[in-house]
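Everything below concerns the one structure shown next.
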Amino acid sequence: MISRQLITRTSASSFRITSFLATRRIHRDASIPVQPEGMPPPLRGIRVVDLTRVLAGPTATMLLADLGADVIKIEEVKRGDDTRSWSPPSAPVLETQPSNAVHLPPESAYFLATNRNKRSITVNFKDPRGLDIVYDLIRKADVLVENFISGKLASMGLGWEDCKKINEKLVYASITGYGQTGPYRQAAGYDVVIEGEAGLMHITGEPDGPPCKVGVAVTDISTGLYAHGAIMAGLLSRQQTGKGVWIDCNLFETQIAGLANIASNYLIGNKEASRHGTSHPSIVPYQVFPCKDGFIMIGAGNEKQFALLADKVLGKPELAIDTKFSSNGQRVKNRAELVQIITDTLMEKNRDHWLEKFQGLGSPHFFRASCMYLQNSSVPHGPINNIEQTFDHPQAKARGLR
């Protein structure tokens with residue numbers, strides 16, 4: 001059975017995620033970025049067919065939806081996006097449901113993190129009637145985004161060559177693990193695998209410890225951002241040429257691009273990178289330090305900043321005139337000794353004490369949540385916040401992030 005229920009947005013400034021028959025209807029309000037008075041969302045009138053699941057693809061299409069595009073997410077019948085069941089935690093089941101819906105498990109927080117502002121439909125691609133539904137959506141679409149293994153959709157009649165015959169103005173974005181060419185083109189892409197394979201894990205972690213993954217799926221998220229930008233460029237290209245384009249975006253190349261100066265150091269100087277924990281390979285002190293009850297990031301990037309840190313914060317002005325520490329080069333050379341001195345000093349007091357010393361102000365709660373530059377000594381610093389403290393941050397509150 002092919003079931004479909006599309007529910008419209010509520011207004012120009014507030015949208016609702018909507019689910020589909022064969023699961024259940026959900027309503028999640030989410031606002032688009034602030035627009036000047038009376039200005040419509042920039043992508044209003046753009047329709048996107050979303051054939052993605054998990055994280056990279058849904059991130060790209062969610063950003064398009066946030067900017068006003070009408071994103072129609074096509075999911076697997078009776079199952080939906082895999083991340084719907086990646087729980088707990090899950091959102092509560094809403095009371096209003098279609099009477100003939102076959103309910104899926106409650107949507108996970110993971111699913112909702114990357115699927116706001118979308119409409120959804122379930123389709124069985126193996127049923128000709130299902131393909132007819134998809135073809136009909138493609139005819140009316142401006143963008144199609146998919147993250148199937150290279151060649152999979154083509155085998156089902158939904159590849160780029162098939163779709164451009166249906167709609168020559170279609171911007172077709174493929175998001176894969178390794179791209180459309182090369183020996184790995186048909187390999188599945190997983191963030192954590194590519195973090196290792198494309199160099200990120202090699203430079204993440206403590207010097208004497210094993211390689212570590214990043215705390216969030218940064219390769220997936222970065223790929224979604226790249227794909228979103230490429231789609232926007234594709235829409236601009238279409239304005240100039242009247243023709244659609246095929247975008248080849250993948251996790252592997254995104255992560256290599258994300259190596260930034262680390263990649264340049266190797267390509268230009270054949271310099272291999274290594275793990276440095278939170279420290280900087282060529283600036284000292286520039287790392288996370290423990291306090292009696294927490295952690296602080298300190299980054300003294302020049303001689304003036306180090307002298308102020310030593311004198312005004314640590315109460316050890318002699319460090320700045322010690323020949324072992326009086327220049328950054330000497331501090332790098334004598335890193336272990338200086339780091340130990342700073343650590344021993346900071347461990348004598350709690351985090352709020354040092355943050356107050358840094359800032360010269362007196363609200364402990366404010367500093368538990370904040371990350372600021374010293375006003376009286378201009379030494380970059382900030383607390384290491386947990387997630388609760390992050391959302392309690394005054395800037396997060398001021399910008400409406402919670």
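Letters A, B, ... go to the chains of the structure tokens in the order shown; residues in each chain start at 1; ligands are counted from 1 in the same order.
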- prompt: What's the 12 Å shell around Glu348 (chain A), counting only C-alpha atoms, without same-chain residues fewer than 6 positions away, as an MDAnalysis selection string?
  reply: chainID A and resid 290:294 314 341:342 354
**Item:** strand (DSSP E) positions in region 248-370 of chain A, given as a list in words
**Value:**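 The strand (DSSP E) subset of region 248-370 of chain A is Asp248, Cys249, Asn250, Tyr286, Gln287, Val288, Phe289, Pro290, Phe295, Ile296, Met297, Ile298 and Gly299 of chain A.
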### Query
Which polymer residues have any atom within 9 Å of an atom of Ala273 (chain A), counting only C-alpha atoms, with same-chain residues fewer than 5 positions away left out, as a VMD selection string?
chain A and resid 202 to 203 262 to 263 265 to 266
Skip Ser222 (chain A) itself and residues of its chain fewer than 5 positions away, then list as a PDB file with C-alpha atoms, in the first residue's frame all residues within 12 Å of it, counting only C-alpha atoms.
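Output (result-v5.pdb):
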```
ATOM      1  CA  LEU A  55      22.563  12.895   9.238  1.00  0.00           C
ATOM      2  CA  ALA A  56      24.550  14.433   6.357  1.00  0.00           C
ATOM      3  CA  GLY A  57      21.695  14.599   3.854  1.00  0.00           C
ATOM      4  CA  PRO A  58      18.981  15.551   6.354  1.00  0.00           C
ATOM      5  CA  THR A  59      21.230  18.348   7.640  1.00  0.00           C
ATOM      6  CA  ALA A  60      21.485  19.824   4.137  1.00  0.00           C
ATOM      7  CA  ILE A 175      25.735  12.800  -1.023  1.00  0.00           C
ATOM      8  CA  ASP A 191      31.152   9.397   9.781  1.00  0.00           C
ATOM      9  CA  GLU A 195      37.042  10.415  10.544  1.00  0.00           C
ATOM     10  CA  VAL A 216      29.710  14.856  17.415  1.00  0.00           C
ATOM     11  CA  ALA A 217      29.539  13.463  13.876  1.00  0.00           C
ATOM     12  CA  ALA A 227      25.989  20.175   0.223  1.00  0.00           C
ATOM     13  CA  HIS A 228      23.696  22.998   1.294  1.00  0.00           C
ATOM     14  CA  GLY A 229      26.121  25.583  -0.104  1.00  0.00           C
ATOM     15  CA  CYS A 249      29.261  15.739  -2.549  1.00  0.00           C
ATOM     16  CA  ASN A 250      30.876  13.192  -0.259  1.00  0.00           C
ATOM     17  CA  LEU A 251      32.129  12.658   3.271  1.00  0.00           C
ATOM     18  CA  PHE A 252      35.678  11.635   2.342  1.00  0.00           C
ATOM     19  CA  GLU A 253      36.562  14.786   0.427  1.00  0.00           C
ATOM     20  CA  THR A 254      34.732  16.971   2.932  1.00  0.00           C
ATOM     21  CA  GLN A 255      36.858  15.620   5.754  1.00  0.00           C
ATOM     22  CA  ILE A 256      40.090  16.017   3.811  1.00  0.00           C
ATOM     23  CA  ALA A 257      39.096  19.615   3.045  1.00  0.00           C
ATOM     24  CA  GLY A 258      38.384  20.025   6.756  1.00  0.00           C
ATOM     25  CA  LEU A 259      42.006  19.235   7.594  1.00  0.00           C
TER      26      LEU A 259
END
```
Exercise. So which one's closest to Lys164 (chain A), A:Gly45, A:Pro394, A:Gly244, A:Pro317? Using only C-alpha atoms, please.
Worked result: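 Closest candidate: A:Gly244.
Proximity to Glu318 (chain A) at 12 Å, evaluated using only C-alpha atoms and with sequence-adjacent residues fewer than 6 positions away removed, yields Phe306, Ala307, Leu308, Leu309, Ala310, Asp311, Lys312, Lys324, Phe325 and Ser326 of chain A.
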Exercise for review: Compile the contact shell of Gly68 (chain A) as a ChimeraX atom specification: residues with an atom at most 6 Å away, counting only C-alpha atoms, same-chain residues fewer than 6 positions apart removed.
Suggested key: /A:41,43-44
Would you output that residue set with N, CA and C atoms, as a CSV table (one decimal), in the first residue's frame?
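The resulting file, selection.csv, is shown below:
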```csv
chain,number,residue,atom,x,y,z
A,41,PRO,N,10.8,34.4,3.4
A,41,PRO,CA,12.0,33.6,3.5
A,41,PRO,C,12.6,33.5,2.1
A,43,LEU,N,14.1,31.2,0.4
A,43,LEU,CA,13.8,30.1,-0.5
A,43,LEU,C,12.3,29.7,-0.6
A,44,ARG,N,11.5,30.7,-0.3
A,44,ARG,CA,10.0,30.4,-0.5
A,44,ARG,C,9.8,30.2,-2.0
```
As a check of understanding: the span from CA of Met62 (chain A) to CA of Thr122 (chain A) is 18.0 Å
Using only C-alpha atoms, pick whichever of A:Ala69, A:Arg402, A:Thr52, A:Leu153 has the shortest atom-to-atom distance to Ile387 (chain A).
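Of the candidates, the smallest distance to Ile387 (chain A) is held by A:Arg402.
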Please report the interatomic distance between CA of Arg84 (chain A) and CA of Val54 (chain A) in Å with one decimal.
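Atom-to-atom, CA of Arg84 (chain A) and CA of Val54 (chain A) are spaced 8.9 Å apart.
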- [ ] For each of A:Asp66, A:Lys349, A:Pro380, A:Lys118, take the minimum atom-to-atom distance to Ala300 (chain A), counting only C-alpha atoms, then give the residue where this is smallest.
- [x]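 For Ala300 (chain A), the nearest of the candidates is A:Pro380.
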Item to complete: Find the spatial neighbours of region 127-142 of chain A, counting only C-alpha atoms, within a cut-off of 8 Å - ignore same-chain residues fewer than 2 positions away - and output them as a PyMOL selection string.
Response: chain A and resi 2+46-49+123-125+144+163+166-167+169-171
All alpha helix (DSSP H) residues (DSSP, backbone) inside region 193-356 of chain A, as a PyMOL selection string:
chain A and resi 193-197+218-241+251-258+261-269+303-308+318-321+328-333+335-346+351-356
Selected residues, C-alpha atoms, written as a JSON list (two decimals), in the first residue's frame, please.
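The resulting file, result.json, is reproduced below:
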```json
[["chain", "number", "residue", "atom", "x", "y", "z"],
["A", 193, "VAL", "CA", 34.97, 5.43, 9.72],
["A", 194, "ILE", "CA", 35.84, 8.40, 7.54],
["A", 195, "GLU", "CA", 37.04, 10.42, 10.54],
["A", 196, "GLY", "CA", 39.69, 7.72, 10.82],
["A", 197, "GLU", "CA", 40.28, 7.14, 7.13],
["A", 218, "VAL", "CA", 31.42, 16.45, 12.52],
["A", 219, "THR", "CA", 32.18, 14.88, 9.12],
["A", 220, "ASP", "CA", 28.49, 14.22, 8.48],
["A", 221, "ILE", "CA", 27.50, 17.70, 9.62],
["A", 222, "SER", "CA", 30.24, 19.38, 7.58],
["A", 223, "THR", "CA", 29.19, 17.42, 4.51],
["A", 224, "GLY", "CA", 25.62, 18.61, 5.01],
["A", 225, "LEU", "CA", 26.88, 22.19, 5.16],
["A", 226, "TYR", "CA", 28.95, 21.76, 1.99],
["A", 227, "ALA", "CA", 25.99, 20.18, 0.22],
["A", 228, "HIS", "CA", 23.70, 23.00, 1.29],
["A", 229, "GLY", "CA", 26.12, 25.58, -0.10],
["A", 230, "ALA", "CA", 26.53, 23.65, -3.35],
["A", 231, "ILE", "CA", 22.76, 23.41, -3.77],
["A", 232, "MET", "CA", 22.41, 27.16, -3.31],
["A", 233, "ALA", "CA", 25.11, 27.64, -5.97],
["A", 234, "GLY", "CA", 23.26, 25.18, -8.21],
["A", 235, "LEU", "CA", 20.09, 27.24, -7.92],
["A", 236, "LEU", "CA", 22.03, 30.39, -8.86],
["A", 237, "SER", "CA", 23.59, 28.56, -11.82],
["A", 238, "ARG", "CA", 20.13, 27.52, -12.97],
["A", 239, "GLN", "CA", 19.02, 31.15, -12.94],
["A", 240, "GLN", "CA", 21.82, 31.94, -15.39],
["A", 241, "THR", "CA", 21.62, 28.89, -17.67],
["A", 251, "LEU", "CA", 32.13, 12.66, 3.27],
["A", 252, "PHE", "CA", 35.68, 11.63, 2.34],
["A", 253, "GLU", "CA", 36.56, 14.79, 0.43],
["A", 254, "THR", "CA", 34.73, 16.97, 2.93],
["A", 255, "GLN", "CA", 36.86, 15.62, 5.75],
["A", 256, "ILE", "CA", 40.09, 16.02, 3.81],
["A", 257, "ALA", "CA", 39.10, 19.62, 3.05],
["A", 258, "GLY", "CA", 38.38, 20.02, 6.76],
["A", 261, "ASN", "CA", 46.17, 23.96, 7.51],
["A", 262, "ILE", "CA", 47.07, 20.41, 8.57],
["A", 263, "ALA", "CA", 46.61, 19.33, 4.95],
["A", 264, "SER", "CA", 48.53, 22.36, 3.67],
["A", 265, "ASN", "CA", 51.42, 21.63, 6.02],
["A", 266, "TYR", "CA", 51.72, 18.18, 4.50],
["A", 267, "LEU", "CA", 51.17, 19.14, 0.85],
["A", 268, "ILE", "CA", 53.58, 22.07, 0.96],
["A", 269, "GLY", "CA", 56.14, 21.00, 3.54],
["A", 303, "GLU", "CA", 54.39, 37.92, 25.15],
["A", 304, "LYS", "CA", 52.05, 40.63, 26.48],
["A", 305, "GLN", "CA", 49.28, 38.14, 27.08],
["A", 306, "PHE", "CA", 51.63, 35.74, 28.83],
["A", 307, "ALA", "CA", 53.04, 38.48, 31.07],
["A", 308, "LEU", "CA", 49.52, 39.53, 32.07],
["A", 318, "GLU", "CA", 58.55, 36.08, 37.75],
["A", 319, "LEU", "CA", 57.48, 33.61, 35.08],
["A", 320, "ALA", "CA", 57.41, 36.34, 32.43],
["A", 321, "ILE", "CA", 61.04, 37.31, 33.03],
["A", 328, "ASN", "CA", 57.00, 31.83, 22.95],
["A", 329, "GLY", "CA", 59.84, 29.81, 21.42],
["A", 330, "GLN", "CA", 61.28, 29.18, 24.87],
["A", 331, "ARG", "CA", 57.87, 28.33, 26.26],
["A", 332, "VAL", "CA", 57.36, 25.76, 23.51],
["A", 333, "LYS", "CA", 60.81, 24.33, 24.28],
["A", 335, "ARG", "CA", 56.35, 23.28, 27.56],
["A", 336, "ALA", "CA", 56.15, 20.47, 30.12],
["A", 337, "GLU", "CA", 57.66, 22.52, 32.94],
["A", 338, "LEU", "CA", 55.48, 25.58, 32.33],
["A", 339, "VAL", "CA", 52.29, 23.57, 31.93],
["A", 340, "GLN", "CA", 52.98, 21.85, 35.24],
["A", 341, "ILE", "CA", 53.52, 25.19, 37.01],
["A", 342, "ILE", "CA", 50.26, 26.61, 35.64],
["A", 343, "THR", "CA", 48.37, 23.40, 36.44],
["A", 344, "ASP", "CA", 49.64, 23.29, 40.04],
["A", 345, "THR", "CA", 48.62, 26.92, 40.54],
["A", 346, "LEU", "CA", 45.14, 26.55, 39.06],
["A", 351, "ARG", "CA", 37.07, 27.46, 38.53],
["A", 352, "ASP", "CA", 34.95, 30.44, 39.50],
["A", 353, "HIS", "CA", 37.81, 31.93, 41.49],
["A", 354, "TRP", "CA", 40.04, 31.94, 38.43],
["A", 355, "LEU", "CA", 37.32, 33.19, 36.13],
["A", 356, "GLU", "CA", 36.74, 36.10, 38.48]]
```
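Taking CA of Gly277 (chain A) as the reference point, CA of Phe391 (chain A) is found at 25.1 Å.
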